[in-house]
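Colleague: Sharing a structure, written as structure tokens. Questions coming.
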Number of protein chains: 2
Amino acid sequence: MAKGPGIPKGTRDFGPSEMVRRNYIFNTIRSVFRLYGYSPLETPAMENLSTLTGKYGEEGDRLLFKILNSGDFRSGLENEDLLSKSPAELASGICEKGLRYDLTVPFARYVVQHRNEISFPFKRYQVQPVWRADKPQKGRYREFYQCDVDVVGDNSLFNEYELIKIIDEVFSGLSIRTKILLNNRKILTGIAEKIGEKDKITDITIAIDKLEKIGIDKVRSELYEKGLSEQSVNDLQPILFLRGNPAEKLDELEKILSGTKTGPAGIREIRSIFEYLENDNCGSEIDFDITLARGLDYYTGAIIEVKALDTEIGSICGGGRYDDLTGIFGMPGVSGVGVSFGADRIYDVMNKLDLFPDYAEYGTKVLFINFGKEEEEYCIPVLNKLRSEGISSELFPSAVKIKKQMSYANSRNIPWVIMAGENEIKEDKLTVKNMDTGKQDLIGRDKLAGFISENTGI
Amino acid sequence: MAKGPGIPKGTRDFGPSEMVRRNYIFNTIRSVFRLYGYSPLETPAMENLSTLTGKYGEEGDRLLFKILNSGDFRSGLENEDLLSKSPAELASGICEKGLRYDLTVPFARYVVQHRNEISFPFKRYQVQPVWRADKPQKGRYREFYQCDVDVVGDNSLFNEYELIKIIDEVFSGLSIRTKILLNNRKILTGIAEKIGEKDKITDITIAIDKLEKIGIDKVRSELYEKGLSEQSVNDLQPILFLRGNPAEKLDELEKILSGTKTGPAGIREIRSIFEYLENDNCGSEIDFDITLARGLDYYTGAIIEVKALDTEIGSICGGGRYDDLTGIFGMPGVSGVGVSFGADRIYDVMNKLDLFPDYAEYGTKVLFINFGKEEEEYCIPVLNKLRSEGISSELFPSAVKIKKQMSYANSRNIPWVIMAGENEIKEDKLTVKNMDTGKQDLIGRDKLAGFISENTGI
């Protein structure tokens, strides 16, 4: 037999039962975003490569999916170009567009392009797929959704506080217990100043970021490799192992960083956020984590990361403040802060912890068995009535064997099955079968909508 | 000044106010699909080119967006290939994947791939963007959404009837008055048989499809060009100008097609659908239109098209029955029927006829003016209370000039603005300003949520 059709590796189909679960996540997230006054935005899947290239580092450029120009894509190129240019150079000669790699760069592009129509602060959310030509592996896909929420054009730490509230509300809505970790890039910069390795801030934060994964010994080796002296690494180590509650750690750190240029501002900022949170009833555990860096160069202030408490799955949400995202498109001085929810990991956590509500809640509630033309006619007005009351209902479209129709009801988890044959029609009644218990009731045609509503709480 | 960033031609950003309107359309459509027992499906944006190529005709193949292979896309190709192959041939050497062109082919691919997990009839809906490298022009985009609803694996005309009900319910939900046109491919085939031009069925239907647009004279010329005799064209003409209600036209046509092999079955089928509809309370006008062909080769039975009555904008929804869609992927004999809603055209109709509900219903309801740290602290508990009641609310994040904050409220159509300065705090009250009327009320902090609910009907 010939091999059947498939899909590109690293991509997925989402069938009905997965869609219902994914929509449950997306709808929960979106409704919280809206409650906090964030507005929806969607940008095209394709962006000009000039918008995308150079924004994600060399590795990111390599992972961009590029779209071949339409028509004669070779026109304008010399034979020499076609044969001898590097793949990357040739690609940029035959491709003008690429698929978006994240939602942040398209957002920055949108803000700059529409700066004159936007009234700042601009609070937007965006829930769309992104594409990366990454090596596919368990839990890593080439097409996946990001759920981003950002506010640009305002410096107040009230924004950071609200994002933490949004995180708390989303995960309590999804019944996921979480720990929210906070840090501040200015604190990391202060530390680099303190140990006299100001130029190595990127190397230090990347190494720090790995502390939990690879342990202190390997972090030390990595720092030596990057050219830090033993003295610097020794100075760094106690800072990484501060203990106590956030206030205690901040007090301790304040002393250590007091002489630095940047550190004290970071401490002030993170303290402000904790002050906002003090008077609040956040359900999530919130901690100050000095090892948190998220490896991302563009954060300039707050750094935020969220971990699920009841399973080891890494970060399920993260973000921070960036002071000059729109600068890359010629609009400097606009500060923003935002976080991104990882829908796939959230899905995995919820599956693992069995947190999804009952599927049956979302699908068809009632299936009418089809016994033939006459019975069909008898059932259609009742079917219409159910739908007019908002109850998702179906009539099996053909009068095939009852067994097939019942197995359809079973496979789709339909909780109620209606049978109306000769006897029922004579009495103007319907037989209602509860598919969970197997119990059958004989009720009047005009009573069905009420019966279903009562028994399913619709 | 350097040119600012842009997006590829034929693509669009959807800002907050467009998103709210688009979501209103999508949500209405989706909720009707669900009510009728259809389940959601999503497929990847990228499909293997082997899945897409050859399914949309030569022109369609040309309009596929192709994705350049990652890494060294030239490997395996000879210099000769790079320089001398046609663009299409070379493209298939350096591209394995493409963006989906519609939702129908990916759906067929999904059904074949998952045939063993699916319980038939499979009723699915799919709302996702598609991409076509078409010449961009007014109303035609390179990225646009399709909203498809299909059922496969069942031959009953009950499915056609239900799709018409879905169409009726969607457009009545959107307040768009429509006319639904029905035809049947078997009738068109019967006509081709009748006039003795059985082999020219495609040419005839394509020409018929243009009748309304280009008029009978040009249709005649086109048919001559395709090789029809004057006799055949004369035989055809009266059939195209049948008059009367659907029953009258069908009676007349039945006589004309009585001797043909295929025609009578088409008439029987379309009559069955009208019988279902007779006992129904469809709000839409429904007509039998023998000129309806939709130019699509793969329809084998019912053909459906929807036009908005109060504006000239062409078809806003259409579809039909196809008897062998999955055959292209090696699974023959599966019949399906479905329709596709054109979100962009529906959007244009609703905009033109001013049918969208008030934007304010969907955005932020309440903005707290920020007068400074102390006032912020005074307002935050009230803000939290509003949100806990499901009222979308914001506190302006910084204590900037009042004028700027008020103009933010105006530009975002926020209906209520709350002010709490020294005086209000002293009295434990808030000043509530109705932004429509300008009226201000002084009310207790604990009374705000109730006041807003009462006055906005949330």
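Residues in the structure tokens are named by chain (A, B, ... in the order shown) and by number from 1 within that chain; ligands are numbered from 1 in the order shown.
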With a cut-off of 7 Å and counting only C-alpha atoms, select all residues of chain A in contact with chain B and give the selection as a count of residues only.
Modeller: 56
Colleague: Mind listing the alpha helix (DSSP H) residues of region 186-263 of chain A, per DSSP on the backbone, as a VMD selection string?
Modeller: chain A and resid 186 to 194 201 to 209 211 to 225 230 to 240 246 to 257 263
Colleague: Using only C-alpha atoms, which of the listed residues (A:Gln126, A:Asn116, A:Thr205, A:Ser272) sits closest to Asp297 (chain A)?
Modeller: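 Using only C-alpha atoms, the shortest distance to Asp297 (chain A) belongs to A:Thr205.
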Colleague: Pick the closest to Ile166 (chain A) from A:Ala265, A:Val306, A:Leu355, A:Met419: which is it, counting only C-alpha atoms?
Modeller: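 For Ile166 (chain A), the nearest of the candidates is A:Val306.
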Colleague: Using only C-alpha atoms, which residues sit within 9 Å of Asp446 (chain B) once same-chain residues fewer than 3 positions away are excluded, as a list in words?
Modeller: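 Everything that qualifies: Val382, Lys385, Lys429, Ile443, Ala449 and Gly450 of chain B.
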Colleague: Using only C-alpha atoms, which residues sit within 7 Å of region 308-317 of chain A once same-chain residues fewer than 5 positions away are excluded, as number ranges by chain?
Modeller: A: 176-179, 339-342, 345-346
Colleague: If we count only C-alpha atoms, what is near Leu228 (chain A) at a cut-off of 12 Å, once residues fewer than 4 positions away on the same chain are taken out, given as a PyMOL selection string?
Modeller: chain A and resi 192+195-201+203-204+207+219-224+232-236
Colleague: So which bits of region 179-327 of chain B end up strand (DSSP E or B) when you DSSP the backbone, as a list in words?
Modeller: Lys179, Ile180, Leu181, Leu182, Asn183, Asn184, Glu285, Ile286, Asp287, Phe288, Ala302, Ile303, Ile304, Glu305, Val306, Lys307, Ala308, Ser315, Ile316, Cys317, Gly318, Gly319, Gly320, Arg321 and Tyr322 of chain B
